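For reference, query27.cif is printed below; it contains mmCIF, C-alpha atoms and all ligand atoms.
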```cif
data_input
#
loop_
_atom_site.label_atom_id
_atom_site.label_comp_id
_atom_site.auth_asym_id
_atom_site.auth_seq_id
_atom_site.Cartn_x
_atom_site.Cartn_y
_atom_site.Cartn_z
CA MET A 15 101.95 105.24 144.60
CA LYS A 16 100.08 102.11 145.72
CA ARG A 17 100.19 99.07 143.47
CA SER A 18 99.00 95.55 143.91
CA ILE A 19 99.42 92.86 141.28
CA PHE A 20 97.29 89.81 140.67
CA PHE A 21 97.71 86.93 138.28
CA ILE A 22 94.89 84.43 138.19
CA LEU A 23 95.68 81.42 136.08
CA ALA A 24 92.89 78.89 136.13
CA PHE A 25 89.86 80.42 134.50
CA VAL A 26 88.25 77.41 132.94
CA ALA A 27 88.91 73.93 134.14
CA PRO A 28 87.77 70.51 133.08
CA LEU A 29 85.66 68.82 135.71
CA SER A 30 87.18 65.69 137.14
CA GLY A 31 85.48 62.34 136.95
CA CYS A 32 88.45 60.62 135.44
CA SER A 33 87.90 57.33 133.67
CA ALA A 34 90.06 54.42 134.83
CA LYS A 35 91.67 54.24 131.39
CA ALA A 36 92.72 57.90 131.44
CA VAL A 37 96.22 59.03 132.24
CA GLN A 38 97.17 62.66 132.75
CA TYR A 39 100.54 64.35 132.14
CA SER A 40 101.19 67.85 133.48
CA GLU A 41 104.09 70.25 133.02
CA TRP A 42 104.72 73.96 133.42
CA LYS A 43 105.05 75.37 129.88
CA MET A 44 104.50 78.75 128.21
CA GLY A 45 104.49 80.34 131.66
CA THR A 46 101.42 78.38 132.72
CA PRO A 47 100.36 74.92 133.94
CA CYS A 48 99.70 72.62 130.98
CA SER A 49 98.14 69.18 131.12
CA VAL A 50 96.96 66.56 128.67
CA ARG A 51 94.72 63.69 129.72
CA PHE A 52 94.94 60.75 127.34
CA TYR A 53 92.27 58.07 127.13
CA HIS A 54 93.36 54.52 126.28
CA LEU A 55 96.89 55.65 125.49
CA LYS A 56 98.48 53.14 123.12
CA ASP A 57 101.52 55.01 121.79
CA LYS A 58 103.74 55.55 124.83
CA SER A 59 105.78 58.20 122.99
CA LEU A 60 102.72 60.42 122.51
CA PRO A 61 102.88 62.40 125.81
CA ALA A 62 106.54 63.38 125.26
CA ARG A 63 105.81 64.35 121.66
CA CYS A 64 102.87 66.52 122.79
CA PHE A 65 104.99 68.46 125.29
CA GLU A 66 107.77 68.83 122.70
CA ALA A 67 105.18 70.37 120.35
CA ILE A 68 104.28 72.89 123.07
CA ASP A 69 107.99 73.73 123.47
CA GLU A 70 108.38 74.16 119.71
CA THR A 71 105.35 76.46 119.57
CA GLU A 72 106.72 78.54 122.41
CA HIS A 73 110.09 78.73 120.66
CA ALA A 74 108.41 79.98 117.47
CA LEU A 75 106.00 82.49 119.04
CA ASP A 76 107.57 83.80 122.23
CA VAL A 77 108.58 87.45 122.05
CA VAL A 78 110.38 87.75 125.39
CA LYS A 79 113.34 85.34 125.21
CA SER A 80 115.79 86.74 122.64
CA THR A 81 116.64 83.25 121.35
CA ASP A 82 113.03 82.65 120.33
CA GLU A 83 111.95 83.20 116.75
CA ALA A 84 109.29 85.90 117.13
CA ALA A 85 111.62 87.82 119.47
CA ALA A 86 114.32 87.75 116.77
CA LEU A 87 111.76 88.97 114.22
CA ASN A 88 110.77 91.83 116.54
CA ALA A 89 114.45 92.74 116.99
CA GLY A 90 114.99 92.85 113.21
CA LYS A 91 117.49 89.99 113.39
CA THR A 92 115.72 87.87 110.79
CA ASP A 93 113.17 88.21 108.00
CA ARG A 94 112.66 84.47 107.40
CA VAL A 95 109.82 82.77 109.25
CA SER A 96 109.33 79.09 110.07
CA PRO A 97 106.16 77.36 108.84
CA LEU A 98 104.58 77.59 112.33
CA LEU A 99 105.34 81.30 112.76
CA ASN A 100 104.25 81.94 109.19
CA GLU A 101 100.89 80.23 109.75
CA THR A 102 100.43 82.11 113.03
CA ILE A 103 101.10 85.50 111.42
CA ALA A 104 98.69 84.73 108.58
CA PHE A 105 96.03 83.46 110.97
CA SER A 106 96.42 86.46 113.32
CA LEU A 107 96.13 88.96 110.47
CA ALA A 108 92.98 87.17 109.25
CA VAL A 109 91.43 87.37 112.75
CA ALA A 110 92.38 91.07 112.96
CA GLU A 111 90.49 91.67 109.73
CA LYS A 112 87.53 89.51 110.73
CA THR A 113 87.16 91.37 114.04
CA ASP A 114 87.61 94.84 112.57
CA GLY A 115 90.89 95.37 114.44
CA ALA A 116 89.66 94.37 117.92
CA PHE A 117 92.34 91.69 117.73
CA SER A 118 95.80 92.96 116.79
CA PRO A 119 98.99 90.85 116.63
CA LEU A 120 101.06 94.06 116.31
CA LEU A 121 100.57 95.38 119.85
CA GLY A 122 103.98 94.06 120.95
CA ARG A 123 105.54 97.39 121.92
CA MET A 124 102.35 98.47 123.67
CA THR A 125 102.00 95.25 125.69
CA ALA A 126 105.71 95.42 126.61
CA LEU A 127 105.12 99.00 127.79
CA TRP A 128 102.34 97.79 130.11
CA GLY A 129 104.68 95.01 131.27
CA PHE A 130 102.18 92.24 132.01
CA SER A 131 104.50 89.51 130.72
CA SER A 132 107.44 90.89 132.72
CA GLY A 133 105.47 90.23 135.92
CA GLN A 134 105.88 93.89 136.92
CA PRO A 135 103.09 95.71 135.13
CA GLN A 136 102.67 99.46 135.48
CA LYS A 137 100.63 102.22 133.92
CA PRO A 138 102.72 103.84 131.19
CA GLN A 139 102.87 107.57 130.47
CA THR A 140 99.87 108.65 128.35
CA GLU A 141 102.24 110.42 125.90
CA GLU A 142 104.14 107.17 125.28
CA ILE A 143 100.91 105.23 124.65
CA LYS A 144 99.83 107.89 122.13
CA ARG A 145 103.24 107.89 120.47
CA LEU A 146 103.27 104.09 120.00
CA LEU A 147 99.64 103.69 118.91
CA PRO A 148 100.12 104.40 115.15
CA PHE A 149 102.95 101.85 114.98
CA ALA A 150 100.60 98.92 115.71
CA GLU A 151 99.24 99.18 112.16
CA THR A 152 99.84 96.74 109.28
CA ALA A 153 101.31 99.67 107.29
CA PHE A 154 104.49 98.91 109.29
CA LEU A 155 104.51 95.27 108.24
CA ASP A 156 106.10 93.81 105.11
CA TYR A 157 104.82 90.24 104.88
CA ARG A 158 104.77 87.71 102.04
CA LYS A 159 103.39 84.41 103.24
CA GLU A 160 104.32 82.51 100.08
CA ASP A 161 107.99 83.53 100.48
CA ASN A 162 108.12 82.88 104.27
CA PHE A 163 109.18 86.51 104.47
CA CYS A 164 108.28 88.99 107.19
CA THR A 165 109.86 92.19 108.37
CA LEU A 166 108.75 95.06 110.59
CA LYS A 167 109.42 98.51 109.18
CA SER A 168 109.83 100.31 112.49
CA ARG A 169 111.54 99.49 115.78
CA ASP A 170 108.30 100.73 117.38
CA THR A 171 106.31 97.94 115.71
CA ALA A 172 106.40 94.43 117.20
CA PHE A 173 104.41 91.22 117.28
CA ASP A 174 102.76 89.83 120.40
CA PHE A 175 101.14 86.41 120.06
CA GLY A 176 100.04 86.24 123.71
CA ALA A 177 96.38 86.15 122.72
CA VAL A 178 96.73 83.15 120.43
CA GLY A 179 99.89 81.21 121.39
CA LYS A 180 98.28 78.72 123.75
CA GLY A 181 95.55 78.04 121.19
CA ILE A 182 98.14 77.40 118.48
CA ALA A 183 100.05 75.03 120.80
CA SER A 184 96.83 73.23 121.71
CA ASP A 185 96.03 72.67 118.04
CA GLU A 186 99.51 71.19 117.55
CA VAL A 187 98.89 68.77 120.45
CA SER A 188 95.43 67.99 119.14
CA ARG A 189 96.83 67.05 115.71
CA LEU A 190 99.31 64.63 117.31
CA CYS A 191 96.52 63.00 119.34
CA GLU A 192 94.31 62.71 116.26
CA ALA A 193 97.15 61.15 114.26
CA ALA A 194 97.68 58.63 117.09
CA GLN A 195 93.89 58.02 117.20
CA THR A 196 93.86 58.91 120.88
CA THR A 197 91.05 60.71 122.64
CA ALA A 198 92.41 63.55 124.77
CA LEU A 199 91.54 66.50 126.96
CA ILE A 200 94.08 69.33 126.61
CA ASP A 201 94.30 72.16 129.14
CA LEU A 202 96.93 74.81 128.41
CA GLY A 203 96.57 77.40 131.15
CA GLY A 204 92.79 77.25 130.98
CA ASN A 205 92.50 76.96 127.19
CA ILE A 206 90.59 73.71 126.93
CA GLN A 207 90.43 71.46 123.88
CA THR A 208 88.86 68.04 123.53
CA VAL A 209 89.98 65.55 120.90
CA GLY A 210 87.31 63.02 119.99
CA SER A 211 84.51 61.72 122.20
CA LYS A 212 84.94 60.24 125.65
CA PRO A 213 85.30 56.46 125.30
CA ASN A 214 82.68 55.80 128.01
CA GLY A 215 80.03 57.65 125.98
CA GLU A 216 79.64 60.45 128.52
CA PRO A 217 79.78 64.06 127.35
CA TRP A 218 82.72 66.34 128.08
CA ARG A 219 81.90 68.70 130.92
CA ILE A 220 83.85 71.97 131.08
CA SER A 221 83.39 74.21 134.10
CA LEU A 222 83.59 77.98 133.70
CA LYS A 223 85.20 80.10 136.40
CA SER A 224 83.24 83.06 137.69
CA PRO A 225 85.04 86.41 137.42
CA LEU A 226 83.39 87.42 140.71
CA GLN A 227 85.19 87.11 144.01
CA SER A 228 82.02 86.03 145.78
CA PRO A 229 80.82 82.41 145.62
CA PRO A 230 79.98 80.29 143.71
CA PRO A 231 83.44 79.94 142.14
CA LEU A 232 81.99 78.67 138.84
CA PHE A 233 79.28 80.43 136.85
CA GLY A 234 78.33 77.33 134.91
CA GLU A 235 79.26 74.32 132.89
CA LEU A 236 79.37 73.46 129.21
CA THR A 237 78.51 69.95 128.08
CA PHE A 238 79.27 68.59 124.62
CA TYR A 239 80.37 65.54 122.64
CA GLY A 240 83.30 65.32 120.26
CA SER A 241 86.16 67.68 119.46
CA CYS A 242 85.82 71.25 120.62
CA ALA A 243 87.89 74.17 121.95
CA VAL A 244 86.90 76.53 124.77
CA SER A 245 88.76 79.74 125.64
CA THR A 246 87.98 82.50 128.13
CA SER A 247 89.40 86.02 128.23
CA GLY A 248 88.69 88.14 131.29
CA ASP A 249 89.71 91.25 133.18
CA TYR A 250 90.34 89.13 136.30
CA GLN A 251 93.13 86.99 134.83
CA LYS A 252 96.02 89.48 134.89
CA PHE A 253 95.56 92.88 136.45
CA PHE A 254 96.96 95.39 138.90
CA TYR A 255 95.70 98.37 140.83
CA GLU A 256 97.47 101.69 140.70
CA ASP A 257 96.16 104.61 142.75
CA GLY A 258 92.93 102.69 143.23
CA VAL A 259 92.32 102.13 139.50
CA LYS A 260 92.23 98.62 138.05
CA TYR A 261 94.24 97.93 134.87
CA HIS A 262 94.02 94.56 133.10
CA HIS A 263 95.96 92.89 130.27
CA ILE A 264 93.53 93.00 127.33
CA LEU A 265 94.21 96.18 125.38
CA ASP A 266 91.92 98.05 123.04
CA PRO A 267 94.05 98.53 119.89
CA LYS A 268 92.21 101.82 119.25
CA THR A 269 93.40 103.40 122.51
CA GLY A 270 96.33 101.30 123.79
CA MET A 271 94.48 101.15 127.12
CA PRO A 272 92.89 98.13 128.86
CA ALA A 273 89.57 97.60 127.06
CA HIS A 274 86.63 99.08 128.94
CA SER A 275 83.96 97.23 127.06
CA GLY A 276 81.48 96.65 129.87
CA LEU A 277 82.56 93.01 130.21
CA ARG A 278 84.24 90.92 132.89
CA ALA A 279 84.75 87.86 130.71
CA VAL A 280 84.02 86.27 127.35
CA THR A 281 84.06 82.52 126.66
CA VAL A 282 84.33 81.32 123.07
CA VAL A 283 83.63 77.82 121.78
CA SER A 284 85.02 76.74 118.41
CA GLU A 285 84.62 73.33 116.83
CA ARG A 286 87.32 74.26 114.30
CA SER A 287 90.39 75.11 116.35
CA ALA A 288 91.77 76.18 119.71
CA ALA A 289 93.62 79.07 118.02
CA GLU A 290 90.30 80.41 116.80
CA ALA A 291 88.68 80.15 120.26
CA ASP A 292 91.73 81.78 121.87
CA ALA A 293 92.03 84.70 119.44
CA LEU A 294 88.30 85.35 119.32
CA SER A 295 87.81 85.39 123.11
CA THR A 296 90.37 88.23 123.26
CA ALA A 297 88.78 90.08 120.33
CA LEU A 298 85.22 89.70 121.62
CA PHE A 299 86.29 90.98 125.03
CA VAL A 300 87.54 94.16 123.33
CA MET A 301 84.38 94.49 121.21
CA GLY A 302 81.95 94.42 124.12
CA LEU A 303 78.43 93.00 124.10
CA GLU A 304 76.77 95.24 121.52
CA ALA A 305 79.37 94.96 118.74
CA GLY A 306 80.09 91.36 119.75
CA SER A 307 76.47 90.26 119.48
CA ARG A 308 76.23 91.83 116.01
CA TRP A 309 79.40 89.93 115.06
CA ALA A 310 77.94 86.72 116.53
CA GLU A 311 74.80 87.01 114.42
CA LYS A 312 76.91 86.69 111.27
CA ASN A 313 79.29 84.07 112.67
CA SER A 314 76.86 81.42 113.78
CA ASP A 315 79.44 78.62 113.86
CA ILE A 316 81.07 80.26 116.90
CA GLY A 317 79.58 79.89 120.40
CA ILE A 318 79.94 82.82 122.82
CA ILE A 319 79.10 83.56 126.46
CA TRP A 320 79.42 87.16 127.68
CA PHE A 321 79.73 87.97 131.40
CA THR A 322 79.02 91.69 131.76
CA SER A 323 80.33 94.15 134.34
CA ASP A 324 76.84 94.31 135.86
CA ASN A 325 76.92 90.51 136.32
CA ARG A 326 74.53 89.55 133.55
CA LEU A 327 75.09 86.64 131.21
CA TYR A 328 74.35 86.48 127.49
CA ILE A 329 74.79 83.41 125.31
CA THR A 330 74.53 82.67 121.61
CA ARG A 331 71.66 80.41 120.60
CA ASN A 332 73.98 77.62 119.42
CA LEU A 333 75.29 77.14 122.99
CA ALA A 334 72.07 77.62 124.93
CA GLU A 335 71.30 73.93 125.33
CA ARG A 336 74.88 73.01 126.20
CA PHE A 337 75.20 75.49 129.08
CA THR A 338 74.03 74.88 132.66
CA PRO A 339 74.31 77.85 135.05
CA SER A 340 75.62 77.11 138.53
CA ALA A 341 73.05 79.45 140.12
CA ALA A 342 69.81 81.10 139.04
CA ALA A 343 71.59 84.48 138.97
CA PHE A 344 73.73 83.16 136.12
CA THR A 345 70.82 82.23 133.86
CA PRO A 346 71.77 83.77 130.52
CA THR A 347 69.77 85.74 127.99
CA VAL A 348 69.86 83.88 124.68
CA LEU A 349 70.89 85.99 121.67
CA PRO A 350 69.75 85.21 118.12
CA GLN A 351 71.98 83.81 115.39
CA THR A 352 71.29 82.97 111.78
CA GLU A 353 71.63 79.33 110.77
CA PRO A 354 75.21 78.40 109.74
P1 LIG A 401 94.10 86.41 126.26
O1 LIG A 401 94.43 86.19 127.69
O2 LIG A 401 94.13 85.20 125.40
O3 LIG A 401 92.85 87.20 126.07
O4 LIG A 401 95.30 87.28 125.65
C1 LIG A 401 95.73 88.46 126.25
C2 LIG A 401 97.16 88.71 125.85
O5 LIG A 401 97.22 89.00 124.44
C3 LIG A 401 97.76 89.92 126.54
O6 LIG A 401 98.49 89.54 127.68
C4 LIG A 401 98.65 90.51 125.45
O7 LIG A 401 99.88 89.81 125.40
C5 LIG A 401 97.89 90.23 124.19
N1 LIG A 401 96.86 91.21 123.83
C6 LIG A 401 96.29 92.17 124.62
N2 LIG A 401 95.33 92.84 123.95
C7 LIG A 401 95.28 92.29 122.71
C8 LIG A 401 94.48 92.53 121.55
N3 LIG A 401 93.52 93.47 121.52
N4 LIG A 401 94.72 91.78 120.45
C9 LIG A 401 95.67 90.82 120.44
N5 LIG A 401 96.46 90.54 121.50
C10 LIG A 401 96.26 91.26 122.62
MG MG A 402 93.17 84.74 123.65
#
```
Now that the file is in, can you turn its structure into structure tokens?
Amino acid sequence: MKRSIFFILAFVAPLSGCSAKAVQYSEWKMGTPCSVRFYHLKDKSLPARCFEAIDETEHALDVVKSTDEAAALNAGKTDRVSPLLNETIAFSLAVAEKTDGAFSPLLGRMTALWGFSSGQPQKPQTEEIKRLLPFAETAFLDYRKEDNFCTLKSRDTAFDFGAVGKGIASDEVSRLCEAAQTTALIDLGGNIQTVGSKPNGEPWRISLKSPLQSPPPLFGELTFYGSCAVSTSGDYQKFFYEDGVKYHHILDPKTGMPAHSGLRAVTVVSERSAAEADALSTALFVMGLEAGSRWAEKNSDIGIIWFTSDNRLYITRNLAERFTPSAAAFTPTVLPQTEP
């Protein structure tokens, strides 16, 4: 059996062009490089507090380390949830409903079976995928948000917050920066969030990595002012080949298999929160272009760019003027949206 494994981390990256008054702090957190660039930093304790917030989020949502809260919940060791875990469960269930199940926070046993977070992914037995599939349903969840109570009714049901954790952490950092009245650019493993407008009056410029192996390395750039979150999900970020077949880390909750939705990547822009951009980029990848564009029509406050398997680009109308392709081949087709 031939297997090769690839993990590609940086999928969107802020363009440089650093202002003299900007200072950047970087650390490896949540299994990925994390950085925050602060503009006119006044409160010297802010960077440390931001990275502590990332640690606290990881402690609440990580399902791998047994000492972390979500891992304990999955193991049936607790039924009490902290405010952060509680909010994340509630938010994830709301996204699952809003995306008609394309996003599922209950795929924990299935994602563990595929082993992407262990660093040694492999194709599971088809029988085991079929056996586990029914357990990723909310019927196996007993959850009362108002009581901070949550329990899983089967050992074959488990949470996985991998599709939303970095977004949640980014929102925590963003809140700290806002409270300290500090403009910031947050990059948690490619999940980008801006807080406020650049002090020099220039727009934020976010470059988007091409999923193709051939040049150019970027398929385009987004330009905007003010606070915004940008997240990309793609089949090129974590994948492996087994017997010549490519398997990636975004699963279709209907099949338990890597989603074959005709897409290479989806970028989502949310002005509300990084958690929303993060969760929706995963969900829209699963949905594919046809279902996703119908969803986009009704959700006109969300900006979306689809990169299809046949290398075409589609973009929602609300982003059209903010996107500059890096080459003529990446000129997108603009899709309609109703006014928000
Ligand atoms: P992202 O890279 O943000 O798209 O998230 C992908 C990660 O979320 C995977 O590595 C899994 O841990 C988890 N995941 C995979 N498929 C789904 C899905 N359909 N819904 C929710 N989480 C998922
Ligand atoms: Mg995501």
Q. Contacts of range 237-241 of chain A at 6 Å or less, counting all atoms listed in the file, minus same-chain residues fewer than 6 places along, as a list in words?
A.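 Using all atoms listed in the file, the neighbours found are Thr208, Val209, Gly210, Ser211, Pro217, Trp218, Arg219 and Arg336 of chain A.
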Considering only C-alpha atoms and all ligand atoms, tabulate each residue of chain A that lies at most 6 Å from ligand LIG 401 (chain A) along with its nearest interatomic pair and the corresponding distance in Å to one decimal; arrange the rows by chain and ascending residue number and present them as a tab-separated table.
```
residue	atom	partner	partner_atom	distance
A:Ala116	CA	A:LIG401	N3	5.4
A:Phe117	CA	A:LIG401	N4	3.6
A:Ser118	CA	A:LIG401	N4	4.0
A:Pro119	CA	A:LIG401	C9	5.1
A:Thr125	CA	A:LIG401	C4	5.8
A:Asp174	CA	A:LIG401	O7	5.8
A:Gly176	CA	A:LIG401	O7	4.0
A:Ala177	CA	A:LIG401	O4	3.3
A:Val178	CA	A:LIG401	O2	6.0
A:Ser247	CA	A:LIG401	O3	4.2
A:His263	CA	A:LIG401	O6	4.9
A:Ile264	CA	A:LIG401	N2	3.8
A:Leu265	CA	A:LIG401	N2	3.8
A:Asp266	CA	A:LIG401	N3	5.1
A:Pro267	CA	A:LIG401	N3	5.3
A:Asp292	CA	A:LIG401	O2	5.5
A:Thr296	CA	A:LIG401	O3	3.9
A:Ala297	CA	A:LIG401	N3	5.9
```
(Q) What does the structure give for the distance between CA of Tyr39 in chain A and CA of Phe130 in chain A, in Å to one decimal? (A)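 One can read the CA of Tyr39 in chain A to CA of Phe130 in chain A distance as 27.9 Å.
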Q: Have a look at A:Ser314, A:Ser49, A:Thr92, A:Asn214 and name the one nearest to Val37 in chain A; count only C-alpha atoms.
A: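 Smallest separation from Val37 in chain A among the options: A:Ser49.
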Q: Work out how far CA of Gly181 in chain A is from CA of Ala293 in chain A, in Å to one decimal.
A: 7.7 Å
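In this comparison, which uses all atoms listed in the file, the residue of A:Lys180, A:His54, A:Lys79, A:Lys91 approaching ligand MG 402 (chain A) most closely is A:Lys180.
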Q.
If I take CA of Ala193 in chain A and CA of Phe52 in chain A, how far is one from the other in Å, to one decimal?
A.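 Value for the CA of Ala193 in chain A-CA of Phe52 in chain A distance: 13.3 Å.
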Q. Nearest to Thr46 in chain A among A:Asp82, A:Asp201, A:Glu285, A:Asp185, with distances taken over all atoms listed in the file: which residue is it?
A.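 Comparing A:Asp82, A:Asp201, A:Glu285, A:Asp185 against Thr46 in chain A, the winner is A:Asp201.
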Q) With distances taken over only C-alpha atoms and all ligand atoms, which of A:Asp315, A:Glu216, A:Glu290, A:Asp170 is nearest to ligand MG 402 (chain A)? A)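 Once distances to ligand MG 402 (chain A) are computed over only C-alpha atoms and all ligand atoms, the minimum belongs to A:Glu290.
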